[in-house]
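Next comes my_file13.pdb, a file with PDB, C-alpha atoms.
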```pdb
ATOM      1  CA  MET A   1     170.507 113.351  62.566
ATOM      2  CA  ALA A   2     168.158 112.573  59.691
ATOM      3  CA  GLN A   3     166.721 109.662  61.685
ATOM      4  CA  LEU A   4     165.992 111.621  64.875
ATOM      5  CA  PRO A   5     162.390 112.645  64.020
ATOM      6  CA  TYR A   6     161.512 109.021  63.232
ATOM      7  CA  MET A   7     163.284 107.760  66.347
ATOM      8  CA  ARG A   8     161.466 110.273  68.530
ATOM      9  CA  ARG A   9     158.095 109.367  67.081
ATOM     10  CA  TYR A  10     158.633 105.648  67.560
ATOM     11  CA  GLY A  11     160.271 106.129  70.967
ATOM     12  CA  ARG A  12     157.338 108.141  72.257
ATOM     13  CA  ALA A  13     154.844 105.618  70.921
ATOM     14  CA  LEU A  14     156.821 102.687  72.311
ATOM     15  CA  THR A  15     157.065 104.135  75.819
ATOM     16  CA  GLY A  16     153.677 105.869  75.782
ATOM     17  CA  SER A  17     155.286 109.055  77.071
ATOM     18  CA  THR A  18     156.948 112.087  75.521
ATOM     19  CA  SER A  19     159.606 112.382  78.228
ATOM     20  CA  ARG A  20     160.363 108.654  78.412
ATOM     21  CA  GLY A  21     160.420 108.425  74.650
ATOM     22  CA  ASP A  22     162.954 111.226  74.397
ATOM     23  CA  ASP A  23     165.034 109.623  77.156
ATOM     24  CA  LEU A  24     165.000 106.370  75.221
ATOM     25  CA  VAL A  25     166.087 108.111  72.012
ATOM     26  CA  THR A  26     168.901 109.921  73.851
ATOM     27  CA  ARG A  27     170.270 106.626  75.126
ATOM     28  CA  ALA A  28     169.944 105.064  71.684
ATOM     29  CA  VAL A  29     171.816 107.935  70.024
ATOM     30  CA  GLU A  30     174.589 107.713  72.612
ATOM     31  CA  ALA A  31     174.921 103.967  72.039
ATOM     32  CA  ALA A  32     174.858 104.328  68.257
ATOM     33  CA  LEU A  33     177.494 107.064  68.183
ATOM     34  CA  ALA A  34     179.741 105.225  70.633
ATOM     35  CA  ASP A  35     179.758 101.976  68.649
ATOM     36  CA  PRO A  36     178.092 102.238  65.213
ATOM     37  CA  GLU A  37     179.693  99.015  63.971
ATOM     38  CA  ARG A  38     178.016  97.032  66.739
ATOM     39  CA  TYR A  39     174.614  98.109  65.455
ATOM     40  CA  HIS A  40     175.588  97.861  61.750
ATOM     41  CA  LEU A  41     174.945 101.558  61.166
ATOM     42  CA  GLU A  42     177.819 102.341  58.817
ATOM     43  CA  GLY A  43     177.440 102.533  55.072
ATOM     44  CA  ASP A  44     173.840 101.375  54.686
ATOM     45  CA  GLU A  45     171.016 103.171  52.942
ATOM     46  CA  GLU A  46     168.828 105.456  55.035
ATOM     47  CA  THR A  47     165.795 103.159  55.377
ATOM     48  CA  VAL A  48     167.958 100.245  56.483
ATOM     49  CA  THR A  49     169.655 102.438  59.078
ATOM     50  CA  ARG A  50     166.256 103.549  60.344
ATOM     51  CA  ARG A  51     165.085  99.981  60.834
ATOM     52  CA  ARG A  52     168.257  99.128  62.731
ATOM     53  CA  LEU A  53     167.722 102.136  64.964
ATOM     54  CA  TYR A  54     164.157 100.958  65.632
ATOM     55  CA  ALA A  55     165.634  97.615  66.666
ATOM     56  CA  LEU A  56     168.083  99.424  68.963
ATOM     57  CA  LEU A  57     165.195 101.339  70.564
ATOM     58  CA  ASN A  58     163.372  98.042  71.116
ATOM     59  CA  ASP A  59     166.433  96.478  72.749
ATOM     60  CA  LEU A  60     167.000  99.416  75.091
ATOM     61  CA  PHE A  61     163.309  99.564  75.950
ATOM     62  CA  ASP A  62     163.318  95.872  76.883
ATOM     63  CA  THR A  63     166.360  96.219  79.123
ATOM     64  CA  GLU A  64     165.430  99.458  80.929
ATOM     65  CA  PRO A  65     162.689  98.828  83.535
ATOM     66  CA  ALA A  66     162.148 102.542  84.164
ATOM     67  CA  LEU A  67     161.406 103.112  80.480
ATOM     68  CA  SER A  68     159.194 100.065  79.986
ATOM     69  CA  GLU A  69     156.924 100.817  82.950
ATOM     70  CA  ALA A  70     153.607 101.642  81.304
ATOM     71  CA  PRO A  71     152.168 105.107  82.058
ATOM     72  CA  GLU A  72     148.477 105.726  82.566
ATOM     73  CA  PRO A  73     147.037 106.048  79.023
ATOM     74  CA  GLY A  74     145.382 109.398  78.413
ATOM     75  CA  HIS A  75     144.213 108.998  74.834
ATOM     76  CA  PRO A  76     141.742 106.417  73.505
ATOM     77  CA  ILE A  77     144.307 105.108  71.035
ATOM     78  CA  GLU A  78     146.881 104.759  73.802
ATOM     79  CA  ALA A  79     144.388 102.968  76.026
ATOM     80  CA  ALA A  80     143.633 100.521  73.219
ATOM     81  CA  LEU A  81     147.332 100.017  72.458
ATOM     82  CA  SER A  82     148.203  99.440  76.109
ATOM     83  CA  SER A  83     145.802  96.491  76.258
ATOM     84  CA  LEU A  84     147.560  94.631  73.419
ATOM     85  CA  PRO A  85     150.150  91.903  74.072
ATOM     86  CA  GLU A  86     153.614  93.346  73.530
ATOM     87  CA  LEU A  87     154.297  91.637  70.198
ATOM     88  CA  GLU A  88     150.982  92.823  68.757
ATOM     89  CA  ARG A  89     151.534  96.331  70.110
ATOM     90  CA  ARG A  90     155.022  96.595  68.652
ATOM     91  CA  VAL A  91     153.999  95.196  65.275
ATOM     92  CA  PHE A  92     151.043  97.578  65.097
ATOM     93  CA  LEU A  93     153.280 100.583  65.826
ATOM     94  CA  LEU A  94     155.917  99.599  63.289
ATOM     95  CA  VAL A  95     153.436  98.896  60.496
ATOM     96  CA  SER A  96     150.681 101.439  61.174
ATOM     97  CA  LEU A  97     152.698 104.308  62.639
ATOM     98  CA  GLU A  98     156.131 103.849  61.084
ATOM     99  CA  GLU A  99     154.757 102.462  57.795
ATOM    100  CA  LEU A 100     157.057  99.454  57.603
ATOM    101  CA  SER A 101     156.068  96.376  55.643
ATOM    102  CA  THR A 102     155.440  93.189  57.604
ATOM    103  CA  THR A 103     158.755  91.860  56.266
ATOM    104  CA  GLN A 104     160.597  94.929  57.524
ATOM    105  CA  ALA A 105     158.799  94.792  60.884
ATOM    106  CA  ALA A 106     159.797  91.145  61.228
ATOM    107  CA  GLU A 107     163.412  92.156  60.615
ATOM    108  CA  VAL A 108     163.241  94.855  63.298
ATOM    109  CA  ILE A 109     161.618  92.614  65.915
ATOM    110  CA  GLY A 110     163.565  89.485  65.004
ATOM    111  CA  VAL A 111     160.681  87.068  64.476
ATOM    112  CA  PRO A 112     159.404  85.192  61.387
ATOM    113  CA  VAL A 113     157.377  87.316  58.987
ATOM    114  CA  GLU A 114     154.384  84.982  59.209
ATOM    115  CA  GLN A 115     154.279  85.537  62.954
ATOM    116  CA  VAL A 116     154.297  89.279  62.348
ATOM    117  CA  ARG A 117     151.419  89.010  59.851
ATOM    118  CA  GLU A 118     149.356  87.023  62.322
ATOM    119  CA  ALA A 119     150.157  89.453  65.147
ATOM    120  CA  LEU A 120     149.225  92.413  62.949
ATOM    121  CA  GLY A 121     145.863  90.858  62.131
ATOM    122  CA  ARG A 122     145.117  90.284  65.808
ATOM    123  CA  ALA A 123     146.200  93.814  66.691
ATOM    124  CA  GLN A 124     144.076  95.414  63.972
ATOM    125  CA  ASN A 125     141.008  93.461  65.039
ATOM    126  CA  ALA A 126     141.530  94.331  68.701
ATOM    127  CA  MET A 127     142.053  98.025  67.955
ATOM    128  CA  ARG A 128     138.966  98.099  65.758
ATOM    129  CA  GLU A 129     136.822  96.517  68.465
ATOM    130  CA  GLN A 130     138.099  98.781  71.235
ATOM    131  CA  LEU A 131     137.677 101.974  69.250
ATOM    132  CA  VAL A 132     134.092 101.270  68.188
ATOM    133  CA  ALA A 133     131.859 104.064  69.489
ATOM    134  CA  ASN A 134     128.413 103.377  70.934
ATOM    135  CA  ILE A 135     126.434 106.320  69.568
ATOM    136  CA  LEU A 136     123.108 107.764  70.669
ATOM    137  CA  ILE A 137     121.184 109.688  68.007
ATOM    138  CA  VAL A 138     118.835 112.380  69.342
ATOM    139  CA  GLU A 139     116.820 113.623  66.357
ATOM    140  CA  ASP A 140     113.055 114.039  65.902
ATOM    141  CA  ASP A 141     113.136 113.904  62.097
ATOM    142  CA  ALA A 142     112.894 110.220  61.166
ATOM    143  CA  ILE A 143     114.578 110.639  57.778
ATOM    144  CA  ILE A 144     117.563 112.506  59.230
ATOM    145  CA  ALA A 145     117.806 110.008  62.085
ATOM    146  CA  TYR A 146     117.892 107.190  59.522
ATOM    147  CA  ASP A 147     120.598 108.937  57.491
ATOM    148  CA  LEU A 148     122.713 109.457  60.610
ATOM    149  CA  THR A 149     122.222 105.829  61.596
ATOM    150  CA  GLU A 150     123.379 104.617  58.191
ATOM    151  CA  THR A 151     126.458 106.835  58.357
ATOM    152  CA  VAL A 152     127.377 105.603  61.836
ATOM    153  CA  LEU A 153     126.955 101.939  60.884
ATOM    154  CA  ALA A 154     128.940 102.389  57.658
ATOM    155  CA  MET A 155     131.859 103.667  59.753
ATOM    156  CA  GLY A 156     131.820 100.477  61.803
ATOM    157  CA  HIS A 157     130.393 102.097  64.933
ATOM    158  CA  LYS A 158     127.206 101.091  66.759
ATOM    159  CA  VAL A 159     123.931 102.926  67.302
ATOM    160  CA  CYS A 160     122.699 102.212  70.811
ATOM    161  CA  GLY A 161     119.381 103.910  70.158
ATOM    162  CA  THR A 162     117.549 106.884  68.731
ATOM    163  CA  ALA A 163     115.435 109.406  70.618
ATOM    164  CA  ALA A 164     113.131 112.244  69.638
ATOM    165  CA  THR A 165     112.676 113.840  73.073
ATOM    166  CA  MET A 166     114.781 114.652  76.116
ATOM    167  CA  GLU A 167     113.024 111.989  78.163
ATOM    168  CA  GLU A 168     113.712 109.322  75.546
ATOM    169  CA  ALA A 169     117.348 110.436  75.227
ATOM    170  CA  LEU A 170     118.021 110.260  78.962
ATOM    171  CA  ALA A 171     116.296 106.883  79.291
ATOM    172  CA  THR A 172     118.172 105.447  76.306
ATOM    173  CA  ALA A 173     121.485 106.756  77.600
ATOM    174  CA  ALA A 174     120.864 105.274  81.055
ATOM    175  CA  ALA A 175     120.050 101.883  79.568
ATOM    176  CA  ASN A 176     122.758 101.683  76.905
ATOM    177  CA  GLN A 177     125.785 103.668  78.131
ATOM    178  CA  PRO A 178     126.643 105.539  74.888
ATOM    179  CA  SER A 179     130.135 106.876  74.308
ATOM    180  CA  LEU A 180     128.954 109.728  72.056
ATOM    181  CA  ALA A 181     125.711 111.497  71.115
ATOM    182  CA  LEU A 182     124.607 113.170  67.887
ATOM    183  CA  MET A 183     122.169 115.871  69.001
ATOM    184  CA  ASP A 184     119.641 118.135  67.287
ATOM    185  CA  LEU A 185     118.868 121.461  68.991
ATOM    186  CA  ARG A 186     115.123 121.301  68.331
ATOM    187  CA  LEU A 187     113.476 118.137  69.630
ATOM    188  CA  ALA A 188     109.916 116.833  69.538
ATOM    189  CA  HIS A 189     107.236 118.458  71.725
ATOM    190  CA  GLY A 190     109.293 121.623  72.107
ATOM    191  CA  GLY A 191     112.213 119.861  73.722
ATOM    192  CA  SER A 192     115.673 121.464  73.830
ATOM    193  CA  GLY A 193     118.794 119.735  72.603
ATOM    194  CA  ILE A 194     120.849 122.112  74.735
ATOM    195  CA  THR A 195     119.072 121.113  77.943
ATOM    196  CA  THR A 196     119.348 117.471  76.953
ATOM    197  CA  ALA A 197     123.058 117.807  76.190
ATOM    198  CA  GLN A 198     123.687 119.509  79.535
ATOM    199  CA  ALA A 199     121.882 116.707  81.363
ATOM    200  CA  LEU A 200     123.837 114.022  79.492
ATOM    201  CA  ARG A 201     127.165 115.733  80.103
ATOM    202  CA  GLU A 202     126.374 116.211  83.775
ATOM    203  CA  SER A 203     125.369 112.603  84.341
ATOM    204  CA  ARG A 204     128.091 110.858  82.334
ATOM    205  CA  ALA A 205     130.471 113.446  80.787
ATOM    206  CA  LEU A 206     129.123 112.360  77.407
ATOM    207  CA  PRO A 207     130.714 113.974  74.331
ATOM    208  CA  ILE A 208     128.107 115.694  72.149
ATOM    209  CA  ILE A 209     128.108 116.561  68.450
ATOM    210  CA  PHE A 210     125.297 118.943  67.532
ATOM    211  CA  VAL A 211     123.684 118.418  64.137
ATOM    212  CA  THR A 212     121.325 121.346  63.640
ATOM    213  CA  ALA A 213     119.995 124.038  61.347
ATOM    214  CA  PHE A 214     120.538 126.546  64.170
ATOM    215  CA  ALA A 215     124.308 126.431  64.211
ATOM    216  CA  GLU A 216     124.818 129.927  65.682
ATOM    217  CA  GLU A 217     122.599 129.451  68.724
ATOM    218  CA  LEU A 218     125.185 127.740  70.894
ATOM    219  CA  LYS A 219     127.799 130.405  70.204
ATOM    220  CA  GLN A 220     125.327 133.251  70.753
ATOM    221  CA  ARG A 221     124.402 131.802  74.147
ATOM    222  CA  GLY A 222     128.028 131.163  75.115
ATOM    223  CA  LEU A 223     127.453 127.419  75.136
ATOM    224  CA  ASP A 224     129.719 126.349  72.276
ATOM    225  CA  TYR A 225     131.855 124.472  74.829
ATOM    226  CA  LEU A 226     129.109 121.843  74.912
ATOM    227  CA  GLY A 227     130.338 120.357  71.653
ATOM    228  CA  PRO A 228     131.142 120.887  67.976
ATOM    229  CA  VAL A 229     128.350 121.859  65.598
ATOM    230  CA  ILE A 230     127.546 120.478  62.143
ATOM    231  CA  LYS A 231     125.067 122.605  60.241
ATOM    232  CA  LYS A 232     122.151 121.077  58.379
ATOM    233  CA  PRO A 233     122.059 120.185  55.582
ATOM    234  CA  PHE A 234     125.179 118.151  56.241
ATOM    235  CA  THR A 235     127.287 115.739  54.245
ATOM    236  CA  ARG A 236     128.241 112.269  55.381
ATOM    237  CA  GLU A 237     131.877 113.303  55.232
ATOM    238  CA  GLN A 238     131.219 116.011  57.820
ATOM    239  CA  ILE A 239     129.543 113.527  60.161
ATOM    240  CA  GLU A 240     132.299 110.955  59.686
ATOM    241  CA  ARG A 241     135.033 113.515  60.377
ATOM    242  CA  ALA A 242     133.326 114.797  63.537
ATOM    243  CA  ILE A 243     132.739 111.282  64.885
ATOM    244  CA  THR A 244     136.335 110.268  64.210
ATOM    245  CA  GLN A 245     137.663 113.340  65.998
ATOM    246  CA  ALA A 246     135.376 112.685  68.970
ATOM    247  CA  VAL A 247     136.385 109.023  69.216
ATOM    248  CA  PHE A 248     140.085 109.897  69.247
ATOM    249  CA  THR A 249     139.800 112.797  71.697
ATOM    250  CA  PRO A 250     140.427 112.209  75.411
ATOM    251  CA  ARG A 251     137.438 112.556  77.699
ATOM    252  CA  PRO A 252     137.331 115.416  80.234
ATOM    253  CA  GLY A 253     139.648 114.578  83.103
ATOM    254  CA  ASP A 254     141.838 112.216  81.081
ATOM    255  CA  ALA A 255     145.578 112.680  81.328
ATOM    256  CA  LYS A 256     147.187 114.846  78.701
ATOM    257  CA  SER A 257     147.687 112.917  75.499
ATOM    258  CA  THR A 258     151.207 112.047  74.379
ATOM    259  CA  LEU A 259     150.092 111.553  70.795
ATOM    260  CA  ALA A 260     150.337 115.236  70.011
ATOM    261  CA  GLY A 261     154.091 115.184  69.554
ATOM    262  CA  ARG A 262     154.288 112.237  67.223
ATOM    263  CA  SER A 263     154.367 113.895  63.836
ATOM    264  CA  VAL A 264     157.598 113.708  61.937
ATOM    265  CA  GLY A 265     159.509 116.984  61.787
TER     266      GLY A 265
END
```
Show me, as structure tokens, the structure contained in the file I just sent.
Amino acid sequence: MAQLPYMRRYGRALTGSTSRGDDLVTRAVEAALADPERYHLEGDEETVTRRRLYALLNDLFDTEPALSEAPEPGHPIEAALSSLPELERRVFLLVSLEELSTTQAAEVIGVPVEQVREALGRAQNAMREQLVANILIVEDDAIIAYDLTETVLAMGHKVCGTAATMEEALATAAANQPSLALMDLRLAHGGSGITTAQALRESRALPIIFVTAFAEELKQRGLDYLGPVIKKPFTREQIERAITQAVFTPRPGDAKSTLAGRSVG
């Protein structure tokens, strides 16, 4: 019973689905209770038992076609994970999600530890590349635009361009296909960040983070659904947190994420 939260978390991540993950765990529990000696589950310390249960989940997953059929990924992390080769995907989950060492992950999967280390490196690089955001900065103050650019680059993301007006923002977005925009509410030549954000969202469902001294304006106008607001003066930590949340949030129309149920407990 103590292992069930960990089994459910790994099962859901392994199958990419809450319902399939729970089905997988149910079958694993039934098998373990029916024949614990077969899976070496008697008399070992808790962490060893957990690793053996992870191995049991892997075995059942590999032998049940209905469970191993990949669902449509609804979350950016899931989409990135689904593109990995199976060894890399499984290693990444065991090390990054379940916090096993590479030696322990090798034991669970049944491959040499050096192979696991190499697979983990490939998986980490692939995940990093796929989760890099291409960010458009719409800000008419050159110093603030520079500060935002430095913050974005320090996080490992890309800046596809900066713009000071609505016209520049729309042209830059059309040419560079951003995945996220940082938007001021007051633009050059009397331009409106709200109008610009609405145009960007309409044309490409682009997520917007507003960075403005007029933080209450969106709420007062009933437009706070357009995106989260960071009030100037801001800290880099605030920008980093907002970008991270935006990168890991499904786009409008994406399937419901299965990551929400993965916390232990």
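Note that CA of Leu185 in chain A and CA of Phe210 in chain A are 7.1 Å apart.
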Q) With only C-alpha atoms as the basis for distance, which of A:Ile137, A:Ala246, A:Ala174, A:Met166 is at the shortest distance from Val211 in chain A? A) A:Ile137
Q: Just the residues within 8 Å of Ala28 in chain A, please, counting all atoms listed in the file, with nothing from its chain fewer than 6 positions along; format it as a list in words.
A: Leu53, Leu56, Leu57 and Leu60 of chain A
Polymer residues at most 8 Å from Gly11 in chain A, all atoms listed in the file, same-chain spacing of 4 or more positions, as an mmCIF file with C-alpha atoms, in the frame of the given file:
```cif
data_model
loop_
_atom_site.group_PDB
_atom_site.id
_atom_site.type_symbol
_atom_site.label_atom_id
_atom_site.label_comp_id
_atom_site.auth_asym_id
_atom_site.auth_seq_id
_atom_site.Cartn_x
_atom_site.Cartn_y
_atom_site.Cartn_z
ATOM 1 C CA MET A 7 163.284 107.760 66.347
ATOM 2 C CA THR A 15 157.065 104.135 75.819
ATOM 3 C CA ARG A 20 160.363 108.654 78.412
ATOM 4 C CA GLY A 21 160.420 108.425 74.650
ATOM 5 C CA ASP A 22 162.954 111.226 74.397
ATOM 6 C CA LEU A 24 165.000 106.370 75.221
ATOM 7 C CA VAL A 25 166.087 108.111 72.012
ATOM 8 C CA LEU A 57 165.195 101.339 70.564
#
```
Q: Kindly give the distance, in Å, that separates CA of Val108 in chain A and CA of Arg51 in chain A, rounded to a single decimal.
A: 6.0 Å
Q. Of the residues A:Ala34, A:Ala188, A:Leu136, A:Val95, which is the one nearest to Ala175 in chain A, using all atoms listed in the file?
A. A:Leu136
Q) What lies within 12 Å of Leu100 in chain A using only C-alpha atoms, ignoring chain neighbours under 4 positions off, as a list in words? A) Tyr6, Tyr10, Thr47, Val48, Arg50, Arg51, Tyr54, Arg90, Val91, Phe92, Leu93, Leu94, Val95, Ser96, Gln104, Ala105, Ala106, Glu107, Val108, Ile109, Val116 and Leu120 of chain A
Q | Gly227 in chain A environment, 7 Å, all atoms listed in the file, sequence neighbours closer than 5 positions dropped, as a ChimeraX atom specification | A | /A:207-210
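With CA of Ile135 in chain A on one side and CA of Ile77 in chain A on the other, the separation reads 18.0 Å.
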Q: Tell me, as an MDAnalysis selection string, which residues lie within 12 Å of Ala154 in chain A, counting all atoms listed in the file; anything in the same chain fewer than 6 positions away does not count.
A: chainID A and resid 132 147:148 236:237 239:240
Q.
Here's the selection I'm unsure about, the PyMOL selection byres ((chain A and resi 167) around 12); applied to the file above, which residues does it give, as a list in words?
A. Val138, Thr162, Ala163, Ala164, Thr165, Met166, Glu168, Ala169, Leu170, Ala171, Thr172, Ala173, Ala174, Leu187, Ala188, His189, Gly190, Gly191, Ser192, Gly193, Thr195, Thr196, Ala197, Ala199 and Leu200 of chain A
As lines of an AutoDock Vina configuration file, please report the centre and edge lengths, rounded to one decimal in Å, of the axis-aligned box that holds all listed atoms of range 3-17 of chain A with 6 Å of padding on each of the six sides.
```
center_x = 160.2
center_y = 107.7
center_z = 69.4
size_x = 25.0
size_y = 22.0
size_z = 27.4
```
(Q) Since I can't run it myself right now, could you work out what the PyMOL selection byres ((chain A and resi 233) around 9) selects here and report it as a VMD selection string? (A) chain A and resid 211 to 213 230 to 232 234 to 235
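Residue nearest Gln130 in chain A within the list A:Pro76, A:Pro178, A:Pro85, A:Pro65: A:Pro76 [criterion: smallest interatomic distance, all atoms listed in the file].
The closest residue to Glu46 in chain A, picked from A:Leu4, A:Leu223, A:Ile194, A:Val111 and counting all atoms listed in the file, is A:Leu4.
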